Structure formats: C-alpha cells, structure tokens
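Chemist: Mind looking over this structure? Questions follow.
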Amino acid sequence: MSNTRSIESLEVLYEDNHILAINKKPSDIVQGDKTGDMPLSEKAKQYIKEKYQKPGDVFMGVAHRIDRPVSGVILFAKTSKALERLNEMFQKKEIQKTYWAVVKNMPKTTSGRLEHYLRKNEQNNTSRAYEKEVAGSKRAELEYTVIASSDRYHLLEINPLTGRHHQIRVQLSTIGCPIKGDLKYGFDRSNENGSIHLHARKISLTHPVKKTPLEIVADPPNDPLWNAFMKSNG
C-alpha cells in the first residue's frame, strides 16, 4: 500500500493507474449537490490534472458515497473499466467496509448484530427503523463490537452487511446509542464543525483490475476524542 500523502489538502491513501482512495473530511461532499460546494470528485480530478499535468478532461468515477458529516475512505475509479468492476463488486457485496462510531451510551451487549427494516423519508432526508417489515421498508443489518471506552464515550467498530440510507446512524440510535454530534438521530448536541463521530475506517477488496488483495485504512479526523481513541487502539 502506498504511504499516505497530503497534496492540495487531499489526503491520498492509495493510488495506482486504476483507482484513487482519499480520506474524506467531514466537510466534503462526495458528489455535487444543491449546495453548489465543490465536491470531492472534482477535487480528485484537479489533483490528477495537476499531478500528471493532464490537458483536457480527467475521468473520475464515483463508485460509492458516504454522508457529508461522515469522514473516511472513499474509492474513486480512474478508468471506466475500474468503475464498472467496482460498481459490480459493491452490488455483489464483495467489498467489505469497516466503520468506527463514537457513542455516549454503552450498548446492552459489547458485540452484536442489529436487524431492522428502514424506510426513507425523502422530504426530510431521514430514515426510520422498524422491528418488522412495513410498506416501503428495506431490511438493514450490521454487526458491531465495542473496542474502547473512555469516561463518557464508547468506540464501536461496525461492519454493515447491507448498504441502506443512513443505516449505521439510525440503527445505533434505535438501540439508544446515537452517534456523537448526530442531532438528526437523537444526539443532544451538535459538534462545532458540523461533523458526526462516524468514520469509514477501512475498505477491504480484491483490486478490480490487478485481482490482488487490497486493504485501505484511514485515520479519523484530528480532534481530541478521536485522538484519545486512536491512542488507546494503537
């Protein structure tokens, strides 16, 4: 794996001819939206254009997304061939994602599997969890383990088994463990920078072109709470 390099405020975790992995900041959006803010996909194009002095358009395919207030690993495809294969791999659940979440309340068990049915509300861009299937709902599953605790907070490692809208946020909130800073799903106050303490820590996959195993790990943002948990997990 390549060494982490910070270029033009982008933290590049891995790069080869086919894919580019970036550690997304909580303030970044992956793709353009109604805010008009420059998305990470455009910053990635700019990085490639400047680094390799490429004239004209640069291809940068978006294979997956994470919510704006969330940080961590984002994979981009530098070729249409790589994008097609990554899309297929995500669809077939051949790519494993691991998240870290900081919550205030300890779950009832230190590890477990959560199963809910989520229904998205398009009007306010939230999802609601149900114990049983309801009209318009989709099954959501994740596994979690408590991997560290401080005086006031607990660090959970999460493996989502499905990829539903706001899945980790709403499922943890439903068991009484809202994520720090996540006002939308029941935490009592926001983080100053608008982030939430949810981080896409790791992506494990078979390289879409080279067919070799690849694991990409992203450090969480630089703040006192994340830093304390990083130290305890060092």
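In the structure tokens, the first chain shown is A, the next is B, and so on; residue numbers restart at 1 for each chain, and ligands run from 1 in the order shown.
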Excluding Leu214 in chain A and any residue of its chain fewer than 5 positions from it, enumerate the residues within 8 Å of it, using only C-alpha atoms, and give them as a list in words.
Modeler: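 So the residues in contact are Met1, Ser204, Leu205, Thr206 and His207 of chain A.
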Chemist: Could you pull out the strand (DSSP E) residues of range 8-234 of chain A, going by DSSP on the backbone, and write them as a VMD selection string?
Modeler: chain A and resid 10 to 15 19 to 24 61 to 62 71 to 77 96 to 103 111 to 121 126 to 130 138 to 149 154 to 160 198 to 206 213 to 217
Chemist: Write out as a PyMOL selection string which residues come within 9 Å of Lys24 in chain A when counting only C-alpha atoms, dropping same-chain ones fewer than 2 positions away.
Modeler: chain A and resi 10-11+22+26-30+40+66+70-74+200+218
Chemist: Those residues with N, CA and C atoms, as a PDB file, in the first residue's frame please?
Modeler:
ATOM      1  N   LEU A  10      -5.834  17.327   0.003  1.00  0.00           N
ATOM      2  CA  LEU A  10      -6.397  15.987  -0.144  1.00  0.00           C
ATOM      3  C   LEU A  10      -5.472  14.987   0.528  1.00  0.00           C
ATOM      4  N   GLU A  11      -6.043  14.106   1.330  1.00  0.00           N
ATOM      5  CA  GLU A  11      -5.224  13.051   1.927  1.00  0.00           C
ATOM      6  C   GLU A  11      -5.387  11.790   1.091  1.00  0.00           C
ATOM      7  N   ILE A  22      -9.181   8.257  -1.131  1.00  0.00           N
ATOM      8  CA  ILE A  22      -8.979   9.513  -0.395  1.00  0.00           C
ATOM      9  C   ILE A  22      -9.640   9.416   0.973  1.00  0.00           C
ATOM     10  N   PRO A  26     -14.963  15.516   7.073  1.00  0.00           N
ATOM     11  CA  PRO A  26     -16.408  15.608   7.321  1.00  0.00           C
ATOM     12  C   PRO A  26     -17.101  16.727   6.553  1.00  0.00           C
ATOM     13  N   SER A  27     -16.364  17.763   6.177  1.00  0.00           N
ATOM     14  CA  SER A  27     -16.993  18.895   5.473  1.00  0.00           C
ATOM     15  C   SER A  27     -17.198  18.633   3.984  1.00  0.00           C
ATOM     16  N   ASP A  28     -16.543  17.599   3.443  1.00  0.00           N
ATOM     17  CA  ASP A  28     -16.608  17.351   1.996  1.00  0.00           C
ATOM     18  C   ASP A  28     -17.883  16.597   1.595  1.00  0.00           C
ATOM     19  N   ILE A  29     -18.421  16.950   0.423  1.00  0.00           N
ATOM     20  CA  ILE A  29     -19.452  16.120  -0.190  1.00  0.00           C
ATOM     21  C   ILE A  29     -18.758  15.307  -1.282  1.00  0.00           C
ATOM     22  N   VAL A  30     -19.216  14.072  -1.484  1.00  0.00           N
ATOM     23  CA  VAL A  30     -18.551  13.204  -2.457  1.00  0.00           C
ATOM     24  C   VAL A  30     -18.896  13.632  -3.880  1.00  0.00           C
ATOM     25  N   LEU A  40     -15.846  16.343  -3.652  1.00  0.00           N
ATOM     26  CA  LEU A  40     -14.570  15.627  -3.567  1.00  0.00           C
ATOM     27  C   LEU A  40     -14.179  15.044  -4.927  1.00  0.00           C
ATOM     28  N   ILE A  66     -20.334   8.426   1.041  1.00  0.00           N
ATOM     29  CA  ILE A  66     -20.673   8.445   2.457  1.00  0.00           C
ATOM     30  C   ILE A  66     -21.264   9.820   2.766  1.00  0.00           C
ATOM     31  N   VAL A  70     -19.802  12.630   7.662  1.00  0.00           N
ATOM     32  CA  VAL A  70     -19.012  11.426   7.969  1.00  0.00           C
ATOM     33  C   VAL A  70     -17.648  11.546   7.291  1.00  0.00           C
ATOM     34  N   SER A  71     -16.617  11.015   7.938  1.00  0.00           N
ATOM     35  CA  SER A  71     -15.259  11.044   7.374  1.00  0.00           C
ATOM     36  C   SER A  71     -14.850   9.635   6.948  1.00  0.00           C
ATOM     37  N   GLY A  72     -13.711   9.550   6.245  1.00  0.00           N
ATOM     38  CA  GLY A  72     -13.125   8.240   5.978  1.00  0.00           C
ATOM     39  C   GLY A  72     -12.895   7.896   4.520  1.00  0.00           C
ATOM     40  N   VAL A  73     -12.609   6.608   4.286  1.00  0.00           N
ATOM     41  CA  VAL A  73     -12.159   6.126   2.973  1.00  0.00           C
ATOM     42  C   VAL A  73     -13.239   6.264   1.898  1.00  0.00           C
ATOM     43  N   ILE A  74     -12.857   6.909   0.804  1.00  0.00           N
ATOM     44  CA  ILE A  74     -13.694   6.949  -0.395  1.00  0.00           C
ATOM     45  C   ILE A  74     -12.846   6.458  -1.566  1.00  0.00           C
ATOM     46  N   ALA A 200     -15.454   6.107   8.206  1.00  0.00           N
ATOM     47  CA  ALA A 200     -15.226   4.924   7.376  1.00  0.00           C
ATOM     48  C   ALA A 200     -13.752   4.535   7.523  1.00  0.00           C
ATOM     49  N   ALA A 218      -7.984   4.399   6.862  1.00  0.00           N
ATOM     50  CA  ALA A 218      -7.961   5.862   7.019  1.00  0.00           C
ATOM     51  C   ALA A 218      -8.004   6.229   8.493  1.00  0.00           C
TER      52      ALA A 218
END
Chemist: Do you know which residues are at most 9 Å from Ala228 in chain A counting only C-alpha atoms, after dropping those on the same chain fewer than 5 positions away, and could you put them as a list in words?
Modeler: Ser150, Asp223 and Asn233 of chain A
Chemist: So how far away is CA of Ile179 in chain A from CA of Ala148 in chain A, in Å?
Modeler: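 Straight-line distance from CA of Ala148 in chain A to CA of Ile179 in chain A works out to 14.7 Å.
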Chemist: Contacts of Asn125 in chain A at 10 Å or less, counting only C-alpha atoms, minus same-chain residues fewer than 2 places along, as number ranges by chain?
Modeler: A: 120-123, 127, 165-166, 184
Chemist: Output C-alpha atoms for every residue in the selection just made, as a compact mmCIF listing (two decimals), in the first residue's frame.
Modeler:
# COMPACT_ATOMS: atom_id res chain seq x y z
CA LYS A 120 -36.60 6.56 3.96
CA ASN A 121 -38.44 9.87 4.24
CA GLU A 122 -37.49 11.79 1.10
CA GLN A 123 -38.90 15.09 2.40
CA SER A 127 -34.67 7.03 7.64
CA HIS A 165 -29.69 5.15 3.66
CA HIS A 166 -28.21 6.44 6.98
CA LYS A 184 -30.70 14.19 13.22
Chemist: Select, from A:Met89, A:Arg169, A:Pro39, A:Val62, the residue with the minimum atom-to-atom distance to Lys211 in chain A, counting only C-alpha atoms.
Modeler: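 Of A:Met89, A:Arg169, A:Pro39, A:Val62, the one nearest Lys211 in chain A, counting only C-alpha atoms, is A:Met89.
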Chemist: Of the residues A:Val170, A:Ala129, A:Met106, A:Ile203, which is the one nearest to Leu75 in chain A, using only C-alpha atoms?
Modeler: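 The closest residue to Leu75 in chain A is A:Ile203.
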Chemist: Quote the spacing between CA of Ala77 in chain A and CA of Gly61 in chain A in Å to one decimal place.
Modeler: 4.7 Å
Chemist: Considering only C-alpha atoms, state which residue in the set A:Phe90, A:Phe76, A:Tyr14, A:Tyr144 is at the smallest distance from Thr110 in chain A.
Modeler: A:Tyr144
Chemist: Please provide the set of residues having any atom within 10 Å of Glu143 in chain A, restricted to only C-alpha atoms, with same-chain residues fewer than 4 positions apart removed, written as a ChimeraX atom specification.
Modeler: /A:98,111-115,156-161,168
Chemist: Could you please take those selected residues and save N, CA and C atoms as an mmCIF file, in the first residue's frame?
Modeler:
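Just written: result.cif:
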data_model
loop_
_atom_site.group_PDB
_atom_site.id
_atom_site.type_symbol
_atom_site.label_atom_id
_atom_site.label_comp_id
_atom_site.auth_asym_id
_atom_site.auth_seq_id
_atom_site.Cartn_x
_atom_site.Cartn_y
_atom_site.Cartn_z
ATOM 1 N N THR A 98 -15.508 -1.199 6.945
ATOM 2 C CA THR A 98 -15.487 -1.177 8.405
ATOM 3 C C THR A 98 -15.564 0.274 8.861
ATOM 4 N N SER A 111 -20.977 -6.809 21.924
ATOM 5 C CA SER A 111 -20.965 -7.072 20.481
ATOM 6 C C SER A 111 -22.315 -7.655 20.105
ATOM 7 N N GLY A 112 -22.686 -7.479 18.868
ATOM 8 C CA GLY A 112 -23.987 -7.991 18.460
ATOM 9 C C GLY A 112 -24.278 -7.725 17.007
ATOM 10 N N ARG A 113 -25.441 -8.160 16.608
ATOM 11 C CA ARG A 113 -25.921 -7.990 15.234
ATOM 12 C C ARG A 113 -27.262 -7.278 15.299
ATOM 13 N N LEU A 114 -27.427 -6.208 14.557
ATOM 14 C CA LEU A 114 -28.679 -5.448 14.542
ATOM 15 C C LEU A 114 -29.406 -5.690 13.223
ATOM 16 N N GLU A 115 -30.699 -5.959 13.332
ATOM 17 C CA GLU A 115 -31.538 -6.163 12.145
ATOM 18 C C GLU A 115 -32.778 -5.290 12.282
ATOM 19 N N LEU A 156 -17.235 2.084 18.857
ATOM 20 C CA LEU A 156 -17.753 0.857 18.257
ATOM 21 C C LEU A 156 -17.126 0.641 16.888
ATOM 22 N N GLU A 157 -16.777 -0.615 16.608
ATOM 23 C CA GLU A 157 -16.359 -0.990 15.251
ATOM 24 C C GLU A 157 -17.557 -1.667 14.597
ATOM 25 N N ILE A 158 -17.885 -1.224 13.397
ATOM 26 C CA ILE A 158 -19.127 -1.658 12.754
ATOM 27 C C ILE A 158 -18.852 -2.215 11.363
ATOM 28 N N ASN A 159 -19.461 -3.360 11.075
ATOM 29 C CA ASN A 159 -19.425 -3.930 9.736
ATOM 30 C C ASN A 159 -20.847 -3.948 9.189
ATOM 31 N N PRO A 160 -21.192 -3.004 8.300
ATOM 32 C CA PRO A 160 -22.536 -3.037 7.717
ATOM 33 C C PRO A 160 -22.656 -4.218 6.748
ATOM 34 N N LEU A 161 -23.733 -4.977 6.865
ATOM 35 C CA LEU A 161 -23.945 -6.131 5.984
ATOM 36 C C LEU A 161 -24.874 -5.759 4.824
ATOM 37 N N ILE A 168 -26.202 3.045 9.579
ATOM 38 C CA ILE A 168 -25.492 2.943 10.861
ATOM 39 C C ILE A 168 -26.058 3.962 11.843
#
Chemist: Hey, which of A:Asn124, A:Leu13, A:Asp67, A:Gly36 ends up closest to Gln167 in chain A? Count only C-alpha atoms.
Modeler: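 Checking each of A:Asn124, A:Leu13, A:Asp67, A:Gly36 against Gln167 in chain A, counting only C-alpha atoms, the winner is A:Asp67.
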